[in-house]
>>> print(open('final_0.cif').read())   # mmCIF, C-alpha atoms and all ligand atoms
data_upload
#
loop_
_atom_site.label_atom_id
_atom_site.label_comp_id
_atom_site.auth_asym_id
_atom_site.auth_seq_id
_atom_site.Cartn_x
_atom_site.Cartn_y
_atom_site.Cartn_z
CA MET A 5 -12.72 -163.31 -184.81
CA ILE A 6 -12.30 -164.40 -181.20
CA ILE A 7 -9.23 -166.25 -179.99
CA ASP A 8 -9.63 -167.74 -176.52
CA LYS A 9 -7.13 -169.00 -173.98
CA ILE A 10 -7.62 -172.66 -174.92
CA THR A 11 -7.00 -171.93 -178.62
CA LEU A 12 -3.89 -169.96 -177.68
CA ALA A 13 -2.57 -172.82 -175.56
CA GLN A 14 -3.06 -175.22 -178.49
CA SER A 15 -1.38 -172.99 -181.07
CA GLU A 16 1.95 -173.83 -182.66
CA LYS A 17 4.74 -172.38 -180.49
CA ARG A 18 6.26 -169.90 -182.96
CA PHE A 19 2.87 -168.72 -184.20
CA LEU A 20 1.84 -168.09 -180.60
CA ALA A 21 5.07 -166.23 -179.79
CA GLN A 22 4.62 -163.98 -182.82
CA LEU A 23 0.94 -163.37 -182.03
CA ILE A 24 1.41 -162.36 -178.40
CA ASN A 25 4.58 -160.40 -179.04
CA SER A 26 3.10 -158.38 -181.90
CA LEU A 27 -0.16 -157.87 -179.98
CA ALA A 28 1.79 -155.92 -177.36
CA GLY A 29 2.44 -153.37 -180.10
CA ILE A 30 5.21 -151.27 -181.57
CA ARG A 31 8.17 -150.59 -179.32
CA GLN A 32 11.49 -148.84 -179.68
CA VAL A 33 14.38 -151.17 -180.34
CA ALA A 34 17.47 -151.05 -178.13
CA LEU A 35 20.83 -152.65 -178.77
CA ILE A 36 22.25 -153.76 -175.45
CA GLY A 37 26.03 -153.66 -175.27
CA THR A 38 27.84 -155.77 -172.67
CA LYS A 39 31.24 -157.36 -172.06
CA SER A 40 32.11 -160.47 -170.05
CA LYS A 41 34.78 -160.39 -167.34
CA LYS A 42 36.92 -162.42 -169.75
CA GLY A 43 36.63 -159.55 -172.23
CA ASN A 44 34.13 -160.92 -174.79
CA GLU A 45 32.03 -158.09 -176.21
CA ASN A 46 28.34 -158.82 -176.80
CA LEU A 47 25.53 -157.00 -178.56
CA ALA A 48 21.85 -158.02 -178.63
CA VAL A 49 18.56 -156.49 -179.73
CA PHE A 50 15.84 -156.02 -177.09
CA ASN A 51 12.44 -154.37 -177.46
CA SER A 52 11.21 -154.79 -173.90
CA LEU A 53 12.82 -151.66 -172.52
CA ILE A 54 10.51 -149.86 -170.10
CA HIS A 55 10.65 -146.66 -168.12
CA LEU A 56 10.39 -147.54 -164.43
CA GLY A 57 10.81 -144.06 -162.99
CA ALA A 58 12.71 -140.81 -163.27
CA HIS A 59 13.65 -140.13 -159.60
CA PRO A 60 15.95 -142.05 -159.62
CA ALA A 61 16.19 -142.63 -163.36
CA LEU A 62 15.53 -146.35 -163.92
CA PHE A 63 14.90 -148.57 -166.94
CA GLY A 64 13.70 -152.17 -166.92
CA LEU A 65 14.47 -154.84 -169.48
CA ILE A 66 12.90 -158.28 -169.78
CA SER A 67 15.30 -161.14 -170.45
CA ARG A 68 13.77 -164.34 -171.78
CA PRO A 69 13.75 -167.51 -169.64
CA ALA A 70 17.27 -168.66 -168.84
CA SER A 71 16.65 -172.01 -170.58
CA ALA A 72 19.26 -171.20 -173.25
CA GLU A 73 22.56 -169.36 -172.67
CA ARG A 74 21.75 -165.67 -172.24
CA HIS A 75 24.93 -163.70 -172.79
CA THR A 76 23.44 -160.27 -172.12
CA LEU A 77 21.92 -161.38 -168.81
CA GLY A 78 25.09 -163.27 -167.82
CA ASN A 79 27.38 -160.34 -168.58
CA ILE A 80 25.15 -157.87 -166.75
CA ARG A 81 25.02 -160.17 -163.69
CA GLU A 82 28.80 -160.55 -163.78
CA THR A 83 29.86 -156.93 -164.41
CA GLU A 84 26.78 -154.83 -163.44
CA SER A 85 27.49 -152.72 -166.53
CA TYR A 86 25.55 -152.39 -169.79
CA THR A 87 24.68 -149.83 -172.43
CA VAL A 88 21.39 -149.04 -174.16
CA ASN A 89 21.80 -147.83 -177.75
CA PHE A 90 19.11 -146.44 -180.07
CA LEU A 91 19.84 -146.55 -183.79
CA ASP A 92 18.52 -144.93 -186.94
CA LYS A 93 15.97 -146.93 -188.96
CA LYS A 94 18.58 -147.57 -191.68
CA TYR A 95 20.32 -150.08 -189.37
CA ALA A 96 17.36 -152.50 -189.22
CA GLU A 97 19.17 -155.45 -190.83
CA LYS A 98 22.26 -155.19 -188.63
CA VAL A 99 20.12 -154.71 -185.53
CA HIS A 100 18.04 -157.77 -186.41
CA GLN A 101 21.10 -159.93 -187.06
CA THR A 102 22.31 -159.38 -183.47
CA SER A 103 19.42 -161.63 -182.36
CA ALA A 104 21.15 -164.66 -183.91
CA ARG A 105 22.58 -167.08 -181.36
CA TYR A 106 26.31 -166.58 -181.74
CA PRO A 107 28.65 -168.48 -179.42
CA GLU A 108 29.97 -166.59 -176.40
CA ASN A 109 33.41 -165.93 -177.91
CA ILE A 110 31.98 -164.43 -181.12
CA SER A 111 31.27 -160.70 -180.98
CA GLU A 112 28.04 -159.57 -182.65
CA PHE A 113 29.78 -156.21 -183.21
CA THR A 114 32.18 -157.93 -185.62
CA GLU A 115 29.54 -160.20 -187.15
CA VAL A 116 27.15 -157.38 -188.07
CA SER A 117 29.80 -154.69 -188.64
CA LEU A 118 28.90 -152.24 -185.92
CA THR A 119 31.64 -150.48 -183.97
CA PRO A 120 32.25 -150.88 -180.22
CA GLU A 121 33.13 -147.61 -178.54
CA TYR A 122 34.20 -146.89 -174.95
CA PHE A 123 33.49 -143.74 -172.91
CA GLN A 124 34.92 -142.73 -169.56
CA ASP A 125 35.01 -145.59 -167.03
CA CYS A 126 32.06 -147.58 -168.44
CA PHE A 127 33.05 -151.29 -168.66
CA ALA A 128 30.46 -152.14 -171.32
CA PRO A 129 30.84 -151.06 -174.95
CA PHE A 130 28.55 -148.53 -176.64
CA VAL A 131 27.57 -148.70 -180.32
CA LYS A 132 29.44 -145.96 -182.17
CA GLU A 133 26.77 -145.73 -184.90
CA ALA A 134 23.95 -145.16 -182.36
CA GLU A 135 22.07 -141.85 -182.26
CA ILE A 136 21.47 -142.07 -178.51
CA LYS A 137 23.70 -144.00 -176.07
CA ILE A 138 22.98 -144.62 -172.41
CA GLU A 139 25.33 -145.95 -169.73
CA MET A 140 23.48 -148.24 -167.34
CA LYS A 141 24.41 -149.72 -163.97
CA LEU A 142 22.67 -152.84 -162.68
CA GLN A 143 20.55 -152.27 -159.57
CA GLN A 144 18.44 -155.41 -159.32
CA ILE A 145 17.48 -158.56 -161.20
CA LEU A 146 14.03 -159.90 -160.41
CA ASN A 147 13.18 -163.44 -161.43
CA LEU A 148 9.53 -163.53 -162.44
CA GLU A 149 8.43 -166.93 -161.20
CA ILE A 150 5.36 -167.08 -163.40
CA ASN A 151 7.41 -167.70 -166.58
CA ASN A 152 11.04 -167.66 -165.41
CA THR A 153 11.87 -164.44 -167.24
CA ASN A 154 14.11 -161.90 -165.54
CA LEU A 155 13.43 -158.21 -165.08
CA ILE A 156 16.76 -156.39 -165.23
CA ILE A 157 16.55 -153.05 -163.45
CA GLY A 158 19.30 -150.53 -164.08
CA SER A 159 20.02 -146.91 -163.24
CA ILE A 160 20.86 -144.40 -165.93
CA GLU A 161 24.40 -143.18 -165.31
CA ARG A 162 25.05 -141.04 -168.41
CA ILE A 163 23.15 -140.12 -171.56
CA TYR A 164 24.92 -139.27 -174.82
CA LEU A 165 22.73 -137.62 -177.44
CA PRO A 166 22.85 -134.95 -180.13
CA GLU A 167 21.89 -131.64 -178.53
CA GLU A 168 19.19 -130.95 -181.12
CA ARG A 169 17.21 -134.01 -179.97
CA LEU A 170 16.67 -132.55 -176.48
CA LEU A 171 13.82 -130.04 -176.29
CA ALA A 172 13.56 -127.28 -173.68
CA ASP A 173 10.91 -129.21 -171.69
CA GLY A 174 13.10 -132.34 -171.39
CA PHE A 175 11.48 -134.29 -174.22
CA VAL A 176 13.89 -136.39 -176.27
CA ASN A 177 12.88 -136.44 -179.92
CA PRO A 178 12.85 -140.06 -181.19
CA ARG A 179 12.81 -139.00 -184.86
CA ASN A 180 13.88 -141.81 -187.22
CA LEU A 181 14.79 -144.22 -184.44
CA LEU A 182 14.14 -147.86 -185.23
CA LEU A 183 10.94 -149.40 -183.84
CA SER A 184 9.80 -153.01 -183.93
CA CYS A 185 6.69 -155.11 -183.58
CA GLY A 186 6.69 -158.84 -182.94
CA LEU A 187 9.85 -160.78 -183.63
CA ASP A 188 10.78 -159.68 -187.13
CA ALA A 189 8.90 -156.55 -188.22
CA TYR A 190 10.50 -153.12 -188.09
CA PHE A 191 8.83 -149.73 -188.19
CA THR A 192 9.55 -146.04 -188.08
CA GLY A 193 7.35 -143.60 -186.23
CA LYS A 194 5.43 -140.68 -187.66
CA PHE A 195 4.82 -137.70 -185.41
CA ALA A 196 1.13 -137.22 -184.57
CA GLU A 197 0.73 -134.64 -181.80
CA LYS A 198 2.37 -133.25 -178.65
CA LEU A 199 -0.18 -132.09 -176.11
CA ALA A 200 -0.20 -130.03 -172.92
CA TYR A 201 -0.32 -131.69 -169.47
CA ALA A 202 -3.87 -132.98 -169.02
CA LYS A 203 -5.96 -131.54 -166.16
CA PRO A 204 -9.40 -132.64 -164.99
C1 LIG B 1 13.06 -157.37 -182.52
C2 LIG B 1 13.59 -158.27 -181.44
C3 LIG B 1 13.37 -157.96 -180.11
C4 LIG B 1 13.86 -158.77 -179.07
N1 LIG B 1 13.62 -158.43 -177.78
C5 LIG B 1 14.06 -159.23 -176.78
C6 LIG B 1 13.79 -158.90 -175.42
O1 LIG B 1 13.18 -157.88 -175.11
N2 LIG B 1 14.25 -159.76 -174.46
C7 LIG B 1 14.96 -160.88 -174.76
O2 LIG B 1 15.36 -161.61 -173.85
N3 LIG B 1 15.23 -161.20 -176.05
C8 LIG B 1 14.81 -160.41 -177.05
N4 LIG B 1 15.08 -160.74 -178.34
C9 LIG B 1 15.89 -161.93 -178.62
C10 LIG B 1 17.37 -161.67 -178.41
O3 LIG B 1 17.83 -160.64 -179.27
C11 LIG B 1 18.14 -162.98 -178.71
O4 LIG B 1 17.74 -163.98 -177.81
C12 LIG B 1 19.64 -162.81 -178.64
O5 LIG B 1 20.24 -163.96 -179.16
C13 LIG B 1 20.13 -162.61 -177.23
O6 LIG B 1 21.52 -162.52 -177.31
P1 LIG B 1 22.48 -162.80 -176.08
O7 LIG B 1 22.43 -164.27 -175.75
O8 LIG B 1 23.80 -162.38 -176.62
O9 LIG B 1 22.02 -161.96 -174.94
C14 LIG B 1 14.59 -159.94 -179.39
C15 LIG B 1 14.82 -160.26 -180.73
C16 LIG B 1 14.32 -159.45 -181.76
C17 LIG B 1 14.57 -159.83 -183.19
#
>>> encode(input="final_0.cif", output="structure tokens", more="lines below")
Ligand SMILES: Cc1cc2nc3c(=O)[nH]c(=O)nc-3n(C[C@H](O)[C@H](O)[C@H](O)COP(=O)(O)O)c2cc1C
Amino acid sequence: MIIDKITLAQSEKRFLAQLINSLAGIRQVALIGTKSKKGNENLAVFNSLIHLGAHPALFGLISRPASAERHTLGNIRETESYTVNFLDKKYAEKVHQTSARYPENISEFTEVSLTPEYFQDCFAPFVKEAEIKIEMKLQQILNLEINNTNLIIGSIERIYLPEERLLADGFVNPRNLLLSCGLDAYFTGKFAEKLAYAKP
């Protein structure tokens, strides 16, 4: 089967979104915790988290075109604070439900029964149930003109994780963390191999 650019352009919108999104493959799911200046807590599922670099430690996140209200993007712009939370596979349904478009004054934490938790001076809430929690500080938002998405770049300020997940070489074990593919399919990973640094 061959699907060309013209066929793609003529495809039904949701079908096309699912096709291209799932084609990009399985990615780890992050719940992004934020709070507006007014004090409204917000939680949303994102699977576009990418490692941008380790010196300094930076993550990127793609926010969809600002055609609809984007609470996560708005809160991050306003407060420069957000949290990245990785959850166990058993939370798939709750995680998925955070993608529903709740009004600004409704907290997804309450709607899906996950618990907001605050550490130190971080303005944004963490997810208490998460296995790994990361405090992020906004560094830059890049508008990608080609499709009006926004690349949110943040620095890692603090990492909270169970000690047994961190190996001696710095590797963080993602065992049982929730993964996703496309817009509605959830996966769990199975360990294959861990190899030595490749040399020519
Ligand atoms: C599995 C999954 C992954 C998603 N990943 C992203 C993403 O990377 N970027 C994005 O902008 N929206 C993503 N969404 C959609 C958001 O979760 C959804 O638009 C949500 O309503 C945003 O909430 P907010 O307005 O409170 O920020 C994803 C949805 C699902 C179900």
>>> residues_around(input="final_0.cif", residues="Leu62 (chain A)", least_positions_apart="5", cutoff="6 Å", atoms="only C-alpha atoms", output="list in words")
Leu56, Gly57, Gly158 and Ser159 of chain A
>>> closest_residue(input="final_0.cif", among="A:Val176, A:Ile160, A:Ala134, A:Ala189", to="ligand LIG 1 (chain B)", atoms="all atoms listed in the file")
A:Ala189
>>> closest_residue(input="final_0.cif", among="A:Tyr122, A:Phe195, A:Tyr190, A:Tyr164", to="ligand LIG 1 (chain B)", atoms="all atoms listed in the file")
A:Tyr190
>>> closest_atom_pairs(input="final_0.cif", of="chain A", to="ligand LIG 1 (chain B)", cutoff="7 Å", atoms="only C-alpha atoms and all ligand atoms", output="CSV")
residue,atom,partner,partner_atom,distance
A:Val33,CA,B:LIG1,C1,6.7
A:Asn46,CA,B:LIG1,O8,5.8
A:Leu47,CA,B:LIG1,O8,6.0
A:Ala48,CA,B:LIG1,O6,4.7
A:Val49,CA,B:LIG1,O3,4.2
A:Phe50,CA,B:LIG1,N1,3.3
A:Asn51,CA,B:LIG1,N1,4.2
A:Ser52,CA,B:LIG1,O1,3.9
A:Leu53,CA,B:LIG1,O1,6.7
A:Leu65,CA,B:LIG1,O1,6.5
A:Ile66,CA,B:LIG1,N2,5.1
A:Ser67,CA,B:LIG1,O2,3.4
A:Arg68,CA,B:LIG1,O2,3.8
A:Glu73,CA,B:LIG1,O7,6.0
A:Arg74,CA,B:LIG1,O7,3.8
A:His75,CA,B:LIG1,O7,3.9
A:Thr76,CA,B:LIG1,O9,3.6
A:Leu77,CA,B:LIG1,O9,6.2
A:His100,CA,B:LIG1,C17,5.2
A:Thr102,CA,B:LIG1,O3,6.3
A:Ser103,CA,B:LIG1,O3,3.6
A:Ala104,CA,B:LIG1,O5,4.9
A:Arg105,CA,B:LIG1,O5,4.5
A:Ser184,CA,B:LIG1,C1,5.6
A:Cys185,CA,B:LIG1,C1,6.8
A:Gly186,CA,B:LIG1,C1,6.6
A:Leu187,CA,B:LIG1,C1,4.8
A:Asp188,CA,B:LIG1,C17,5.5
>>> residues_around(input="final_0.cif", residues="Ile80 (chain A)", least_positions_apart="2", cutoff="10 Å", atoms="all atoms listed in the file", output="mmCIF file with C-alpha atoms, in the frame of the given file")
data_model
loop_
_atom_site.group_PDB
_atom_site.id
_atom_site.type_symbol
_atom_site.label_atom_id
_atom_site.label_comp_id
_atom_site.auth_asym_id
_atom_site.auth_seq_id
_atom_site.Cartn_x
_atom_site.Cartn_y
_atom_site.Cartn_z
ATOM 1 C CA GLY A 37 26.030 -153.660 -175.270
ATOM 2 C CA THR A 38 27.840 -155.770 -172.670
ATOM 3 C CA LYS A 39 31.240 -157.360 -172.060
ATOM 4 C CA SER A 40 32.110 -160.470 -170.050
ATOM 5 C CA LYS A 41 34.780 -160.390 -167.340
ATOM 6 C CA HIS A 75 24.930 -163.700 -172.790
ATOM 7 C CA THR A 76 23.440 -160.270 -172.120
ATOM 8 C CA LEU A 77 21.920 -161.380 -168.810
ATOM 9 C CA GLY A 78 25.090 -163.270 -167.820
ATOM 10 C CA GLU A 82 28.800 -160.550 -163.780
ATOM 11 C CA THR A 83 29.860 -156.930 -164.410
ATOM 12 C CA GLU A 84 26.780 -154.830 -163.440
ATOM 13 C CA SER A 85 27.490 -152.720 -166.530
ATOM 14 C CA TYR A 86 25.550 -152.390 -169.790
ATOM 15 C CA THR A 87 24.680 -149.830 -172.430
ATOM 16 C CA ALA A 128 30.460 -152.140 -171.320
ATOM 17 C CA MET A 140 23.480 -148.240 -167.340
ATOM 18 C CA LYS A 141 24.410 -149.720 -163.970
ATOM 19 C CA LEU A 142 22.670 -152.840 -162.680
ATOM 20 C CA ILE A 145 17.480 -158.560 -161.200
ATOM 21 C CA ILE A 156 16.760 -156.390 -165.230
ATOM 22 C CA GLY A 158 19.300 -150.530 -164.080
#
>>> residues_near_point(input="final_0.cif", point="(30.6, -159.3, -184.9)", cutoff="12 Å", atoms="only C-alpha atoms", output="VMD selection string")
chain A and resid 44 to 48 98 to 99 101 to 120 131
>>> closest_residue(input="final_0.cif", among="A:Lys9, A:Asn177, A:Val88, A:Phe191", to="Pro129 (chain A)", atoms="all atoms listed in the file")
A:Val88
>>> atom_distance(input="final_0.cif", atom1="CA of Glu135 (chain A)", atom2="CA of Ala200 (chain A)")
26.9 Å
>>> axis_aligned_box(input="final_0.cif", around="region 139-144 of chain A", padding_each_side="6 Å", output="lines of an AutoDock Vina configuration file")
center_x = 21.9
center_y = -150.7
center_z = -164.5
size_x = 18.9
size_y = 21.5
size_z = 22.4
>>> closest_residue(input="final_0.cif", among="A:Gln143, A:Ser71, A:Thr11, A:Gln32", to="Leu91 (chain A)", atoms="all atoms listed in the file")
A:Gln32
>>> atom_distance(input="final_0.cif", atom1="CA of Ala96 (chain A)", atom2="CA of Glu133 (chain A)")
12.4 Å
>>> atom_distance(input="final_0.cif", atom1="CA of Phe63 (chain A)", atom2="CA of Gly43 (chain A)")
24.9 Å
>>> decode(input="final_0.cif", residues="region 13-130 of chain A", atoms="C-alpha atoms", output="mmCIF file, in the first residue's frame")
data_model
loop_
_atom_site.group_PDB
_atom_site.id
_atom_site.type_symbol
_atom_site.label_atom_id
_atom_site.label_comp_id
_atom_site.auth_asym_id
_atom_site.auth_seq_id
_atom_site.Cartn_x
_atom_site.Cartn_y
_atom_site.Cartn_z
ATOM 1 C CA ALA A 13 -4.469 15.979 1.915
ATOM 2 C CA GLN A 14 -7.839 14.588 0.794
ATOM 3 C CA SER A 15 -8.330 12.341 3.821
ATOM 4 C CA GLU A 16 -10.958 12.978 6.462
ATOM 5 C CA LYS A 17 -9.471 15.238 9.155
ATOM 6 C CA ARG A 18 -9.652 12.885 12.161
ATOM 7 C CA PHE A 19 -8.481 9.881 10.145
ATOM 8 C CA LEU A 20 -5.498 11.914 8.961
ATOM 9 C CA ALA A 21 -4.680 13.131 12.481
ATOM 10 C CA GLN A 22 -4.751 9.573 13.815
ATOM 11 C CA LEU A 23 -2.663 8.264 10.900
ATOM 12 C CA ILE A 24 0.142 10.812 11.160
ATOM 13 C CA ASN A 25 0.173 10.846 14.945
ATOM 14 C CA SER A 26 0.360 7.064 15.267
ATOM 15 C CA LEU A 27 2.929 6.854 12.450
ATOM 16 C CA ALA A 28 5.336 8.861 14.618
ATOM 17 C CA GLY A 29 5.312 5.882 16.971
ATOM 18 C CA ILE A 30 5.058 5.025 20.645
ATOM 19 C CA ARG A 31 5.991 7.782 23.064
ATOM 20 C CA GLN A 32 5.996 8.190 26.813
ATOM 21 C CA VAL A 33 2.986 10.021 28.153
ATOM 22 C CA ALA A 34 3.446 13.054 30.395
ATOM 23 C CA LEU A 35 0.834 14.782 32.499
ATOM 24 C CA ILE A 36 1.605 18.479 32.515
ATOM 25 C CA GLY A 37 0.588 20.268 35.701
ATOM 26 C CA THR A 38 0.077 24.036 35.659
ATOM 27 C CA LYS A 39 -1.784 26.745 37.577
ATOM 28 C CA SER A 40 -3.085 30.095 36.330
ATOM 29 C CA LYS A 41 -2.217 33.336 38.124
ATOM 30 C CA LYS A 42 -5.837 33.358 39.304
ATOM 31 C CA GLY A 43 -5.181 30.012 40.992
ATOM 32 C CA ASN A 44 -6.946 27.549 38.648
ATOM 33 C CA GLU A 45 -5.095 24.232 38.608
ATOM 34 C CA ASN A 46 -4.816 22.457 35.251
ATOM 35 C CA LEU A 47 -3.684 19.023 34.152
ATOM 36 C CA ALA A 48 -3.305 17.783 30.555
ATOM 37 C CA VAL A 49 -1.824 14.771 28.791
ATOM 38 C CA PHE A 50 0.985 15.387 26.283
ATOM 39 C CA ASN A 51 3.033 12.828 24.354
ATOM 40 C CA SER A 52 5.287 15.216 22.461
ATOM 41 C CA LEU A 53 7.900 15.581 25.177
ATOM 42 C CA ILE A 54 11.410 15.601 23.727
ATOM 43 C CA HIS A 55 14.899 15.732 25.139
ATOM 44 C CA LEU A 56 16.592 18.865 23.807
ATOM 45 C CA GLY A 57 19.870 18.587 25.690
ATOM 46 C CA ALA A 58 21.458 17.740 29.009
ATOM 47 C CA HIS A 59 23.899 20.681 29.483
ATOM 48 C CA PRO A 60 21.762 22.563 30.418
ATOM 49 C CA ALA A 61 18.981 20.044 30.997
ATOM 50 C CA LEU A 62 16.147 21.015 28.631
ATOM 51 C CA PHE A 63 12.894 19.411 27.499
ATOM 52 C CA GLY A 64 10.671 20.523 24.640
ATOM 53 C CA LEU A 65 6.920 20.106 24.363
ATOM 54 C CA ILE A 66 4.742 20.736 21.329
ATOM 55 C CA SER A 67 1.491 22.586 21.989
ATOM 56 C CA ARG A 68 -1.157 22.335 19.294
ATOM 57 C CA PRO A 69 -2.153 25.418 17.251
ATOM 58 C CA ALA A 70 -3.607 28.125 19.463
ATOM 59 C CA SER A 71 -6.914 28.026 17.532
ATOM 60 C CA ALA A 72 -8.770 26.768 20.618
ATOM 61 C CA GLU A 73 -8.130 27.849 24.221
ATOM 62 C CA ARG A 74 -4.934 26.144 25.374
ATOM 63 C CA HIS A 75 -4.841 26.242 29.154
ATOM 64 C CA THR A 76 -1.463 24.540 29.552
ATOM 65 C CA LEU A 77 0.225 26.920 27.107
ATOM 66 C CA GLY A 78 -1.538 29.954 28.611
ATOM 67 C CA ASN A 79 -0.599 29.057 32.175
ATOM 68 C CA ILE A 80 3.018 28.355 31.249
ATOM 69 C CA ARG A 81 3.253 31.695 29.408
ATOM 70 C CA GLU A 82 1.725 33.493 32.388
ATOM 71 C CA THR A 83 3.641 31.833 35.254
ATOM 72 C CA GLU A 84 6.728 30.249 33.593
ATOM 73 C CA SER A 85 6.145 27.229 35.830
ATOM 74 C CA TYR A 86 5.014 23.702 34.964
ATOM 75 C CA THR A 87 5.532 20.112 36.034
ATOM 76 C CA VAL A 88 6.089 16.949 33.998
ATOM 77 C CA ASN A 89 4.650 13.817 35.610
ATOM 78 C CA PHE A 90 5.090 10.195 34.496
ATOM 79 C CA LEU A 91 2.508 7.707 35.726
ATOM 80 C CA ASP A 92 2.180 3.954 36.024
ATOM 81 C CA LYS A 93 0.297 2.160 33.226
ATOM 82 C CA LYS A 94 -2.649 1.521 35.571
ATOM 83 C CA TYR A 95 -3.608 5.220 35.317
ATOM 84 C CA ALA A 96 -4.344 5.109 31.558
ATOM 85 C CA GLU A 97 -8.036 6.020 31.844
ATOM 86 C CA LYS A 98 -7.480 8.971 34.166
ATOM 87 C CA VAL A 99 -4.571 10.189 32.063
ATOM 88 C CA HIS A 100 -6.666 9.975 28.898
ATOM 89 C CA GLN A 101 -9.601 11.815 30.464
ATOM 90 C CA THR A 102 -7.397 14.880 31.118
ATOM 91 C CA SER A 103 -7.436 15.460 27.337
ATOM 92 C CA ALA A 104 -11.135 16.417 27.500
ATOM 93 C CA ARG A 105 -11.781 20.126 26.983
ATOM 94 C CA TYR A 106 -12.829 21.266 30.433
ATOM 95 C CA PRO A 107 -13.531 24.966 30.993
ATOM 96 C CA GLU A 108 -10.735 27.019 32.535
ATOM 97 C CA ASN A 109 -12.267 27.096 36.025
ATOM 98 C CA ILE A 110 -12.679 23.297 36.185
ATOM 99 C CA SER A 111 -9.662 21.394 37.485
ATOM 100 C CA GLU A 112 -8.839 18.154 35.671
ATOM 101 C CA PHE A 113 -7.295 16.978 38.959
ATOM 102 C CA THR A 114 -10.768 16.968 40.517
ATOM 103 C CA GLU A 115 -12.524 15.637 37.407
ATOM 104 C CA VAL A 116 -10.278 12.578 37.030
ATOM 105 C CA SER A 117 -9.512 12.103 40.742
ATOM 106 C CA LEU A 118 -5.784 12.691 40.754
ATOM 107 C CA THR A 119 -4.187 14.616 43.611
ATOM 108 C CA PRO A 120 -2.377 17.957 43.242
ATOM 109 C CA GLU A 121 0.750 18.164 45.356
ATOM 110 C CA TYR A 122 3.131 21.082 45.973
ATOM 111 C CA PHE A 123 6.878 20.907 46.633
ATOM 112 C CA GLN A 124 9.207 23.675 47.751
ATOM 113 C CA ASP A 125 8.643 26.960 45.892
ATOM 114 C CA CYS A 126 7.273 25.465 42.655
ATOM 115 C CA PHE A 127 4.132 27.415 41.611
ATOM 116 C CA ALA A 128 2.709 24.592 39.476
ATOM 117 C CA PRO A 129 1.157 21.478 41.004
ATOM 118 C CA PHE A 130 2.689 18.007 40.709
#
